[in-house]
$ cat query-v2.cif   # mmCIF, C-alpha atoms (C1' of nucleotides)
data_final
#
loop_
_atom_site.label_atom_id
_atom_site.label_comp_id
_atom_site.auth_asym_id
_atom_site.auth_seq_id
_atom_site.Cartn_x
_atom_site.Cartn_y
_atom_site.Cartn_z
CA MET I 68 40.08 135.27 122.28
CA VAL I 69 42.77 133.94 124.53
CA ASP I 70 46.40 134.08 123.57
CA TYR I 71 47.50 130.54 124.25
CA ILE I 72 51.02 131.19 123.05
CA SER I 73 51.66 133.85 125.66
CA LEU I 74 49.88 131.79 128.27
CA LEU I 75 52.23 128.89 127.69
CA LYS I 76 55.33 131.05 127.52
CA GLN I 77 54.41 132.86 130.72
CA ASN I 78 54.48 129.47 132.36
CA ASN I 79 57.81 128.45 130.87
CA LEU I 80 56.40 126.10 128.31
CA LYS I 81 57.06 126.18 124.61
CA ALA I 82 54.05 126.89 122.47
CA THR I 83 53.66 123.90 120.21
CA ILE I 84 50.74 123.31 117.88
CA GLN I 85 49.66 120.37 120.04
CA ARG I 86 49.63 122.42 123.21
CA THR I 87 47.80 125.40 121.82
CA ASN I 88 45.20 123.11 120.33
CA ILE I 89 44.72 121.22 123.57
CA LEU I 90 44.17 124.56 125.27
CA LYS I 91 41.77 125.61 122.56
CA SER I 92 39.68 122.48 123.15
CA ILE I 93 39.70 123.03 126.88
CA ASN I 94 38.74 126.67 126.54
CA ARG I 95 36.02 126.08 123.98
CA THR I 96 34.23 123.53 126.16
CA GLY I 97 35.10 125.05 129.51
CA HIS I 98 35.73 121.60 130.99
CA ILE I 99 36.76 118.50 129.10
CA THR I 100 38.22 115.02 129.58
CA ILE I 101 41.42 113.74 127.99
CA ASP I 102 39.46 111.34 125.78
CA GLU I 103 37.25 114.12 124.54
CA ILE I 104 40.22 116.28 123.67
CA TYR I 105 41.68 113.41 121.70
CA GLU I 106 38.45 112.72 119.82
CA GLU I 107 38.18 116.39 118.93
CA LEU I 108 41.72 117.04 117.84
CA LYS I 109 42.34 113.91 115.86
CA ILE I 110 39.84 115.10 113.28
CA ASP I 111 42.09 117.98 112.30
CA TYR I 112 45.36 116.34 113.39
CA PRO I 113 45.06 112.65 112.55
CA THR I 114 48.64 111.92 113.53
CA LEU I 115 48.23 113.33 117.01
CA SER I 116 49.06 110.75 119.62
CA LEU I 117 47.00 110.15 122.73
CA ALA I 118 50.25 109.83 124.63
CA THR I 119 51.14 113.36 123.61
CA ILE I 120 47.92 114.61 125.12
CA TYR I 121 48.52 112.75 128.38
CA LYS I 122 52.06 114.07 128.50
CA ASN I 123 51.09 117.67 127.84
CA ILE I 124 48.11 117.65 130.15
CA LEU I 125 50.35 116.50 132.97
CA LEU I 126 52.96 119.07 132.05
CA MET I 127 50.50 121.93 131.84
CA VAL I 128 48.98 120.96 135.18
CA GLN I 129 52.44 120.94 136.74
CA HIS I 130 53.19 124.34 135.27
CA GLY I 131 49.90 125.79 136.45
CA VAL I 132 48.38 126.44 133.03
CA ILE I 133 45.43 124.15 133.56
CA VAL I 134 43.71 122.52 136.52
CA GLU I 135 42.34 119.05 137.06
CA ILE I 136 38.74 118.72 138.19
CA PRO I 137 38.33 115.28 139.74
CA ILE I 138 34.69 114.20 139.73
CA SER I 139 32.94 111.51 141.77
CA GLY I 140 32.32 108.43 139.69
CA GLU I 141 33.65 109.95 136.48
CA LYS I 142 36.84 110.75 134.67
CA SER I 143 38.61 113.96 135.54
CA LYS I 144 38.01 117.03 133.47
CA TYR I 145 40.44 119.88 132.90
CA GLU I 146 39.97 123.62 132.74
CA ILE I 147 42.16 126.65 132.11
CA LYS I 148 43.44 127.99 135.40
CA LYS I 149 41.56 131.09 136.38
CA ASP I 150 40.25 133.00 139.34
CA GLU I 151 38.74 131.10 142.19
CA HIS I 152 35.28 129.80 141.41
CA ILE I 153 33.00 126.89 142.17
CA HIS I 154 31.56 124.16 139.95
CA LEU I 155 27.92 123.28 139.63
CA ILE I 156 27.96 119.74 138.33
CA CYS I 157 24.70 118.36 137.01
CA LYS I 158 24.19 114.73 137.99
CA SER I 159 21.77 114.31 135.14
CA CYS I 160 23.36 115.84 132.04
CA GLY I 161 26.91 116.05 133.35
CA ASN I 162 27.31 119.67 132.46
CA ILE I 163 29.63 121.80 134.56
CA GLU I 164 28.94 125.45 135.15
CA ASP I 165 31.30 127.93 136.80
CA ARG I 166 30.03 130.34 139.40
CA GLU I 167 31.54 133.10 141.45
CA LEU I 168 32.67 132.02 144.85
CA SER I 169 30.79 134.62 146.82
CA SER I 170 28.83 134.25 150.05
CA CYS I 171 31.40 131.74 151.17
CA ASN I 172 34.41 132.87 153.04
CA ILE I 173 36.18 129.88 154.39
CA ASP I 174 39.02 130.65 156.72
CA ILE I 175 40.67 127.88 158.63
CA GLU I 176 43.22 128.58 161.27
CA ASP I 177 46.13 126.19 161.64
CA PHE I 178 45.83 125.11 158.03
CA ASN I 179 47.57 126.95 155.22
CA ILE I 180 45.20 126.85 152.24
CA ILE I 181 46.84 126.72 148.82
CA PHE I 182 43.71 126.29 146.77
CA LYS I 183 40.06 125.46 147.14
CA GLN I 184 38.04 122.94 145.24
CA ILE I 185 34.33 123.40 145.62
CA ASN I 186 32.02 121.18 143.62
CA LEU I 187 28.28 121.23 144.08
CA TYR I 188 26.49 118.23 142.62
CA GLY I 189 22.85 118.49 141.76
CA LEU I 190 20.40 119.28 139.00
CA CYS I 191 20.81 122.20 136.66
CA ARG I 192 17.87 124.42 135.80
CA ASN I 193 17.34 122.59 132.57
CA CYS I 194 17.29 119.07 134.05
CA GLN I 195 15.04 120.12 136.96
CA SER I 196 12.16 120.66 134.58
CA LYS I 197 12.25 117.15 133.14
CA MET C 167 32.05 101.35 167.75
CA VAL C 168 29.91 101.43 164.68
CA ASP C 169 27.47 98.68 163.87
CA TYR C 170 28.37 97.91 160.28
CA ILE C 171 25.85 95.12 160.00
CA SER C 172 22.92 97.43 160.73
CA LEU C 173 24.44 100.11 158.54
CA LEU C 174 24.53 97.75 155.58
CA LYS C 175 21.06 96.35 156.21
CA GLN C 176 19.58 99.82 156.55
CA ASN C 177 20.83 100.43 153.05
CA ASN C 178 19.48 97.19 151.62
CA LEU C 179 22.78 95.40 151.46
CA LYS C 180 23.56 92.03 152.98
CA ALA C 181 26.18 92.13 155.67
CA THR C 182 28.98 89.91 154.45
CA ILE C 183 32.35 89.52 156.10
CA GLN C 184 34.01 91.28 153.17
CA ARG C 185 31.73 94.29 153.41
CA THR C 186 31.93 94.74 157.14
CA ASN C 187 35.70 94.52 156.98
CA ILE C 188 35.92 97.03 154.16
CA LEU C 189 33.84 99.38 156.27
CA LYS C 190 36.03 98.69 159.27
CA SER C 191 39.12 99.71 157.29
CA ILE C 192 37.47 102.85 156.01
CA ASN C 193 36.26 103.84 159.44
CA ARG C 194 39.55 103.13 161.19
CA THR C 195 41.52 105.35 158.81
CA GLY C 196 38.81 107.92 158.14
CA HIS C 197 39.75 108.07 154.46
CA ILE C 198 41.39 105.33 152.47
CA THR C 199 42.08 104.19 148.90
CA ILE C 200 40.99 100.88 147.42
CA ASP C 201 44.57 99.66 147.27
CA GLU C 202 45.15 100.45 150.89
CA ILE C 203 42.01 98.56 151.88
CA TYR C 204 43.25 95.59 149.90
CA GLU C 205 46.71 95.68 151.46
CA GLU C 206 45.18 95.82 154.91
CA LEU C 207 42.59 93.13 154.54
CA LYS C 208 44.61 90.56 152.69
CA ILE C 209 46.74 90.08 155.77
CA ASP C 210 43.80 88.59 157.64
CA TYR C 211 41.92 87.37 154.57
CA PRO C 212 44.56 86.17 152.10
CA THR C 213 41.96 84.84 149.68
CA LEU C 214 40.19 88.18 149.39
CA SER C 215 40.06 89.36 145.80
CA LEU C 216 40.79 92.93 144.73
CA ALA C 217 37.87 92.67 142.33
CA THR C 218 35.57 92.00 145.27
CA ILE C 219 36.68 95.22 146.88
CA TYR C 220 36.11 97.21 143.70
CA LYS C 221 32.68 95.67 143.32
CA ASN C 222 31.64 96.26 146.90
CA ILE C 223 33.02 99.79 147.02
CA LEU C 224 30.97 100.64 143.95
CA LEU C 225 27.92 98.96 145.43
CA MET C 226 28.24 100.71 148.76
CA VAL C 227 28.68 104.05 147.04
CA GLN C 228 25.54 103.44 145.00
CA HIS C 229 23.63 102.49 148.13
CA GLY C 230 24.84 105.55 150.00
CA VAL C 231 26.85 103.75 152.65
CA ILE C 232 30.13 105.34 151.68
CA VAL C 233 31.28 108.34 149.64
CA GLU C 234 34.04 108.79 147.10
CA ILE C 235 36.51 111.60 147.63
CA PRO C 236 38.15 112.31 144.27
CA ILE C 237 41.49 114.07 144.73
CA SER C 238 43.53 116.08 142.22
CA GLY C 239 46.46 114.07 140.96
CA GLU C 240 45.81 111.11 143.23
CA LYS C 241 43.62 108.07 143.57
CA SER C 242 40.21 108.52 145.10
CA LYS C 243 39.71 107.85 148.76
CA TYR C 244 36.52 106.67 150.43
CA GLU C 245 34.82 107.58 153.68
CA ILE C 246 31.75 106.48 155.57
CA LYS C 247 28.83 108.72 154.63
CA LYS C 248 28.19 111.23 157.36
CA ASP C 249 27.02 114.76 157.99
CA GLU C 250 28.17 117.47 155.67
CA HIS C 251 31.76 118.49 156.25
CA ILE C 252 34.82 119.72 154.40
CA HIS C 253 38.21 118.15 153.81
CA LEU C 254 41.56 119.70 154.56
CA ILE C 255 43.96 117.84 152.31
CA CYS C 256 47.66 118.28 153.01
CA LYS C 257 49.69 118.53 149.80
CA SER C 258 52.77 117.50 151.69
CA CYS C 259 51.86 114.48 153.81
CA GLY C 260 48.60 113.62 152.07
CA ASN C 261 46.62 113.47 155.26
CA ILE C 262 42.93 114.36 155.14
CA GLU C 263 41.20 116.01 158.04
CA ASP C 264 37.48 116.58 158.41
CA ARG C 265 36.14 119.92 159.56
CA GLU C 266 32.74 121.33 160.27
CA LEU C 267 31.25 123.19 157.35
CA SER C 268 30.54 126.42 159.17
CA SER C 269 31.13 129.98 158.02
CA CYS C 270 30.18 128.89 154.56
CA ASN C 271 26.60 129.02 153.50
CA ILE C 272 26.44 128.42 149.83
CA ASP C 273 23.03 128.91 148.33
CA ILE C 274 22.61 128.90 144.61
CA GLU C 275 19.34 129.76 143.01
CA ASP C 276 18.34 127.92 139.86
CA PHE C 277 20.49 124.93 140.79
CA ASN C 278 19.16 122.13 142.95
CA ILE C 279 22.06 121.02 145.13
CA ILE C 280 22.15 117.35 146.06
CA PHE C 281 25.47 117.33 147.81
CA LYS C 282 28.53 119.47 148.29
CA GLN C 283 32.13 118.50 147.94
CA ILE C 284 34.51 120.98 149.48
CA ASN C 285 38.20 120.17 149.50
CA LEU C 286 40.81 122.62 150.67
CA TYR C 287 44.34 121.78 149.59
CA GLY C 288 47.25 123.16 151.53
CA LEU C 289 49.65 122.46 154.35
CA CYS C 290 48.59 121.01 157.66
CA ARG C 291 49.89 122.45 160.91
CA ASN C 292 52.46 119.71 161.13
CA CYS C 293 53.90 120.16 157.66
CA GLN C 294 53.96 123.97 157.92
CA SER C 295 56.70 123.76 160.54
CA LYS C 296 59.09 121.76 158.38
"C1'" DG Y 201 20.72 66.48 157.04
"C1'" DT Y 202 20.05 66.98 151.94
"C1'" DT Y 203 18.53 69.45 148.08
"C1'" DG Y 204 17.50 73.48 145.29
"C1'" DT Y 205 17.81 78.25 144.74
"C1'" DT Y 206 19.95 82.40 145.11
"C1'" DA Y 207 23.58 85.54 145.93
"C1'" DA Y 208 28.46 86.43 146.70
"C1'" DT Y 209 33.02 85.43 145.97
"C1'" DA Y 210 37.57 84.24 143.67
"C1'" DA Y 211 40.12 83.64 139.84
"C1'" DA Y 212 40.93 84.55 135.34
"C1'" DA Y 213 40.38 86.98 131.14
"C1'" DA Y 214 39.43 91.03 128.72
"C1'" DT Y 215 39.29 95.74 128.42
"C1'" DT Y 216 40.63 100.30 129.28
"C1'" DA Y 217 43.71 103.78 131.07
"C1'" DT Y 218 48.18 105.47 131.85
"C1'" DT Y 219 53.09 105.66 131.58
"C1'" DA Y 220 57.66 104.65 129.59
"C1'" DT Y 221 60.81 104.07 125.78
"C1'" DC Y 222 62.94 105.66 121.91
"C1'" DA Y 223 63.74 107.04 117.12
"C1'" DA Y 224 62.46 110.80 114.18
"C1'" DA Y 225 61.04 115.53 113.61
"C1'" DA Y 226 61.03 120.17 115.07
"C1'" DA Y 227 62.75 123.99 117.42
"C1'" DA Y 228 66.30 126.64 119.54
"C1'" DA Y 229 71.06 127.83 120.19
"C1'" DG Y 230 75.41 128.64 118.65
"C1'" DC D 58 74.34 125.71 108.46
"C1'" DT D 59 75.61 122.45 112.34
"C1'" DT D 60 74.90 121.09 116.92
"C1'" DT D 61 72.09 120.57 120.89
"C1'" DT D 62 67.82 120.28 123.11
"C1'" DT D 63 63.00 119.50 123.18
"C1'" DT D 64 58.87 117.55 121.58
"C1'" DT D 65 56.35 114.33 119.16
"C1'" DG D 66 54.31 109.87 117.51
"C1'" DA D 67 54.43 105.08 117.60
"C1'" DT D 68 54.75 101.36 120.22
"C1'" DA D 69 55.48 98.65 124.16
"C1'" DA D 70 54.84 98.02 128.93
"C1'" DT D 71 52.44 98.58 132.97
"C1'" DA D 72 48.57 99.52 135.84
"C1'" DA D 73 43.76 99.94 136.70
"C1'" DT D 74 39.19 98.44 136.11
"C1'" DT D 75 35.44 95.61 134.37
"C1'" DT D 76 33.48 91.47 132.82
"C1'" DT D 77 33.08 86.60 132.68
"C1'" DT D 78 33.11 82.16 134.53
"C1'" DA D 79 33.38 78.77 138.04
"C1'" DT D 80 33.12 77.92 142.76
"C1'" DT D 81 31.46 78.57 147.23
"C1'" DA D 82 28.33 80.18 150.93
"C1'" DA D 83 23.74 81.04 152.78
"C1'" DC D 84 19.53 79.50 153.74
"C1'" DA D 85 14.81 78.14 153.09
"C1'" DA D 86 12.01 74.04 151.75
"C1'" DC D 87 11.79 69.59 151.89
#

$ encode --input "query-v2.cif" --output "C-alpha cells"
Amino acid sequence: MVDYISLLKQNNLKATIQRTNILKSINRTGHITIDEIYEELKIDYPTLSLATIYKNILLMVQHGVIVEIPISGEKSKYEIKKDEHIHLICKSCGNIEDRELSSCNIDIEDFNIIFKQINLYGLCRNCQSK
Amino acid sequence: MVDYISLLKQNNLKATIQRTNILKSINRTGHITIDEIYEELKIDYPTLSLATIYKNILLMVQHGVIVEIPISGEKSKYEIKKDEHIHLICKSCGNIEDRELSSCNIDIEDFNIIFKQINLYGLCRNCQSK
DNA sequence: GTTGTTAATAAAAATTATTATCAAAAAAAG
DNA sequence: CTTTTTTTGATAATAATTTTTATTAACAAC
C-alpha cells in the first residue's frame, strides 16, 4: 500500500482528503481520466466538486506527483509518477499496460532529454483472440 | 512539393480546397495545432469555418492522411502521416523536431503493435544555450 | 444550360470541457 | 483561542468541440 500522505508532503503539497483519494483512484486503476475519478469519488464524497479535481490534478502534475498520459483521439489519463516505462495501449478495449523500458536505449546528441513518453498502440493479448 | 490532391484521393477523400489547404499548412510547419491552421487559413479564406477544420482533421485522421500528436499539457498537433519517426519536443520553445527511429528496436511479445508514438521532451540545442 | 442528386461547407446552436471567482470551511501558525 | 493561510465547493465564465440546419458547390443526366 502506498503512503499518499508522505508522497504529497515530499512534493510540498498538503495531504487533504481530496488529494489522497484522487491518488487512491489513480493508483487503483493504474491510469484514469478526470471524469472517471470524479464518477468514482462522488459515490463516497457526494459534495466533492469536479473543479477541485481539475485543480488538484493540475497541481499534482506541476509538483511531479502524477503524470499526464495524452492519448490519440481520447481524453488524457493520469498515473502516479514512477520509474521510466512504456505504455501498451489497446486500440480495442482501451486498456493501458505498463512495461519495462528495456531493449530501447535512445540517446540523442544535441538534445537534452528531460523525460520520455513511449506509447505503443495495438491489440492486447486478450483482444487479439477475438 | 507534395501532391495533396493525389494524397487525398488515394485515401478515398475528395480533394476540396479546404482540405488541400489544411494539408498545405500542416506540411509547411511540420506540426501544427487546429487553432494555428485556422489562424493561417482565414487570412486567405475569410469565410472558412473552424468547424470545417475540426471535421476535416478528424476525417483525415480516420482515413490515415494525417496523424495526431497528443502532447502533455498542450493542445494536440497534427502532421502528415509518414514513415516511423520520433519527436523531440522542446519544453522551452515548444518546437517539435522529427528524428529517425534508430537505436531503438522495441519488440513486445503478446502485444500486436499497430503504431508507435515516441515523444522525447527536453531542451533543444538552441534553448540549452540560454 | 437547366435540373436533380449528392456531398461539403458555413453559420448557428447545443453540448461538453476547463478555468476563474469567491465565500465558507479547514488547516496551520502564532 | 485568534489570526493567517490554504483549500474546498458552488457557481459563473470561458473555451473547446460536436451537432444541427441551411446554404452552396460539384457534377452527372437530361

$ closest_atom_pairs --input "query-v2.cif" --of "chain Y" --to "chain I" --cutoff "10 Å" --atoms "all atoms listed in the file" --output "Markdown table"
| residue | atom | partner | partner_atom | distance |
| --- | --- | --- | --- | --- |
| Y:DT218 | C1' | I:Tyr121 | CA | 8.1 |
| Y:DT219 | C1' | I:Ala118 | CA | 8.6 |
| Y:DA226 | C1' | I:Thr83 | CA | 9.7 |
| Y:DA227 | C1' | I:Lys81 | CA | 9.4 |

$ resolve_selection --input "query-v2.cif" --expression "the PyMOL selection byres ((chain D) within 12 of (chain C))" --output "compact mmCIF listing (two decimals) with C-alpha atoms (C1' of nucleotides), in the frame of the given file"
# COMPACT_ATOMS: atom_id res chain seq x y z
C1' DA D 73 43.76 99.94 136.70
C1' DT D 74 39.19 98.44 136.11
C1' DT D 75 35.44 95.61 134.37
C1' DT D 76 33.48 91.47 132.82
C1' DA D 82 28.33 80.18 150.93
C1' DA D 83 23.74 81.04 152.78

$ interface_residues --input "query-v2.cif" --of "chain I" --to "chain C" --cutoff "9 Å" --atoms "all atoms listed in the file" --output "VMD selection string"
chain I and resid 134 to 140 143 155 157 to 158 168 to 174 177 to 192 195

$ atom_distance --input "query-v2.cif" --atom1 "C1' of DA223 (chain Y)" --atom2 "CA of Asp111 (chain I)"
24.7 Å

$ atom_distance --input "query-v2.cif" --atom1 "CA of Ile198 (chain C)" --atom2 "CA of Ile262 (chain C)"
9.5 Å

$ resolve_selection --input "query-v2.cif" --expression "the PyMOL selection byres ((chain D and resi 59) around 9)" --output "PyMOL selection string"
(chain Y and resi 230) or (chain D and resi 58+60)

$ atom_distance --input "query-v2.cif" --atom1 "CA of Ser92 (chain I)" --atom2 "CA of Glu167 (chain I)"
22.7 Å

$ resolve_selection --input "query-v2.cif" --expression "the PyMOL selection byres ((chain I and resi 105) around 10)" --output "PyMOL selection string"
chain I and resi 89+92+100-104+106-110+112-113+115-121

$ build_atoms --input "query-v2.cif" --residues "region 267-283 of chain C" --atoms "N, CA, C and O atoms" --output "PDB file, in the coordinates of the input"
ATOM      1  N   LEU C 267      31.514 122.233 158.407  1.00  0.00           N
ATOM      2  CA  LEU C 267      31.250 123.190 157.350  1.00  0.00           C
ATOM      3  C   LEU C 267      30.462 124.359 157.935  1.00  0.00           C
ATOM      4  O   LEU C 267      29.255 124.459 157.798  1.00  0.00           O
ATOM      5  N   SER C 268      31.201 125.231 158.629  1.00  0.00           N
ATOM      6  CA  SER C 268      30.540 126.420 159.170  1.00  0.00           C
ATOM      7  C   SER C 268      31.032 127.594 158.344  1.00  0.00           C
ATOM      8  O   SER C 268      31.752 127.420 157.388  1.00  0.00           O
ATOM      9  N   SER C 269      30.651 128.742 158.668  1.00  0.00           N
ATOM     10  CA  SER C 269      31.130 129.980 158.020  1.00  0.00           C
ATOM     11  C   SER C 269      31.057 129.924 156.505  1.00  0.00           C
ATOM     12  O   SER C 269      31.703 130.682 155.817  1.00  0.00           O
ATOM     13  N   CYS C 270      30.260 129.011 156.006  1.00  0.00           N
ATOM     14  CA  CYS C 270      30.180 128.890 154.560  1.00  0.00           C
ATOM     15  C   CYS C 270      28.793 128.424 154.195  1.00  0.00           C
ATOM     16  O   CYS C 270      28.464 127.249 154.298  1.00  0.00           O
ATOM     17  N   ASN C 271      27.976 129.374 153.790  1.00  0.00           N
ATOM     18  CA  ASN C 271      26.600 129.020 153.500  1.00  0.00           C
ATOM     19  C   ASN C 271      26.304 129.255 152.028  1.00  0.00           C
ATOM     20  O   ASN C 271      25.825 130.308 151.643  1.00  0.00           O
ATOM     21  N   ILE C 272      26.632 128.270 151.249  1.00  0.00           N
ATOM     22  CA  ILE C 272      26.440 128.420 149.830  1.00  0.00           C
ATOM     23  C   ILE C 272      24.975 128.187 149.476  1.00  0.00           C
ATOM     24  O   ILE C 272      24.389 127.190 149.870  1.00  0.00           O
ATOM     25  N   ASP C 273      24.398 129.128 148.779  1.00  0.00           N
ATOM     26  CA  ASP C 273      23.030 128.910 148.330  1.00  0.00           C
ATOM     27  C   ASP C 273      22.916 129.434 146.899  1.00  0.00           C
ATOM     28  O   ASP C 273      23.116 130.609 146.627  1.00  0.00           O
ATOM     29  N   ILE C 274      22.647 128.546 146.011  1.00  0.00           N
ATOM     30  CA  ILE C 274      22.610 128.900 144.610  1.00  0.00           C
ATOM     31  C   ILE C 274      21.162 128.815 144.142  1.00  0.00           C
ATOM     32  O   ILE C 274      20.517 127.787 144.305  1.00  0.00           O
ATOM     33  N   GLU C 275      20.673 129.900 143.580  1.00  0.00           N
ATOM     34  CA  GLU C 275      19.340 129.760 143.010  1.00  0.00           C
ATOM     35  C   GLU C 275      19.463 129.108 141.646  1.00  0.00           C
ATOM     36  O   GLU C 275      20.533 129.071 141.068  1.00  0.00           O
ATOM     37  N   ASP C 276      18.420 128.596 141.159  1.00  0.00           N
ATOM     38  CA  ASP C 276      18.340 127.920 139.860  1.00  0.00           C
ATOM     39  C   ASP C 276      19.279 126.724 139.717  1.00  0.00           C
ATOM     40  O   ASP C 276      19.577 126.279 138.623  1.00  0.00           O
ATOM     41  N   PHE C 277      19.754 126.200 140.845  1.00  0.00           N
ATOM     42  CA  PHE C 277      20.490 124.930 140.790  1.00  0.00           C
ATOM     43  C   PHE C 277      20.111 124.160 142.044  1.00  0.00           C
ATOM     44  O   PHE C 277      20.217 124.668 143.164  1.00  0.00           O
ATOM     45  N   ASN C 278      19.654 122.930 141.855  1.00  0.00           N
ATOM     46  CA  ASN C 278      19.160 122.130 142.950  1.00  0.00           C
ATOM     47  C   ASN C 278      20.279 121.264 143.516  1.00  0.00           C
ATOM     48  O   ASN C 278      20.574 120.205 142.980  1.00  0.00           O
ATOM     49  N   ILE C 279      20.893 121.711 144.579  1.00  0.00           N
ATOM     50  CA  ILE C 279      22.060 121.020 145.130  1.00  0.00           C
ATOM     51  C   ILE C 279      21.690 119.704 145.796  1.00  0.00           C
ATOM     52  O   ILE C 279      20.812 119.660 146.647  1.00  0.00           O
ATOM     53  N   ILE C 280      22.350 118.648 145.418  1.00  0.00           N
ATOM     54  CA  ILE C 280      22.150 117.350 146.060  1.00  0.00           C
ATOM     55  C   ILE C 280      23.213 117.120 147.125  1.00  0.00           C
ATOM     56  O   ILE C 280      22.906 116.735 148.237  1.00  0.00           O
ATOM     57  N   PHE C 281      24.457 117.345 146.758  1.00  0.00           N
ATOM     58  CA  PHE C 281      25.470 117.330 147.810  1.00  0.00           C
ATOM     59  C   PHE C 281      26.688 118.169 147.439  1.00  0.00           C
ATOM     60  O   PHE C 281      26.946 118.428 146.268  1.00  0.00           O
ATOM     61  N   LYS C 282      27.395 118.576 148.477  1.00  0.00           N
ATOM     62  CA  LYS C 282      28.530 119.470 148.290  1.00  0.00           C
ATOM     63  C   LYS C 282      29.821 118.718 148.519  1.00  0.00           C
ATOM     64  O   LYS C 282      29.895 117.834 149.365  1.00  0.00           O
ATOM     65  N   GLN C 283      30.815 119.111 147.779  1.00  0.00           N
ATOM     66  CA  GLN C 283      32.130 118.500 147.940  1.00  0.00           C
ATOM     67  C   GLN C 283      33.141 119.643 148.047  1.00  0.00           C
ATOM     68  O   GLN C 283      33.415 120.314 147.061  1.00  0.00           O
TER      69      GLN C 283
END
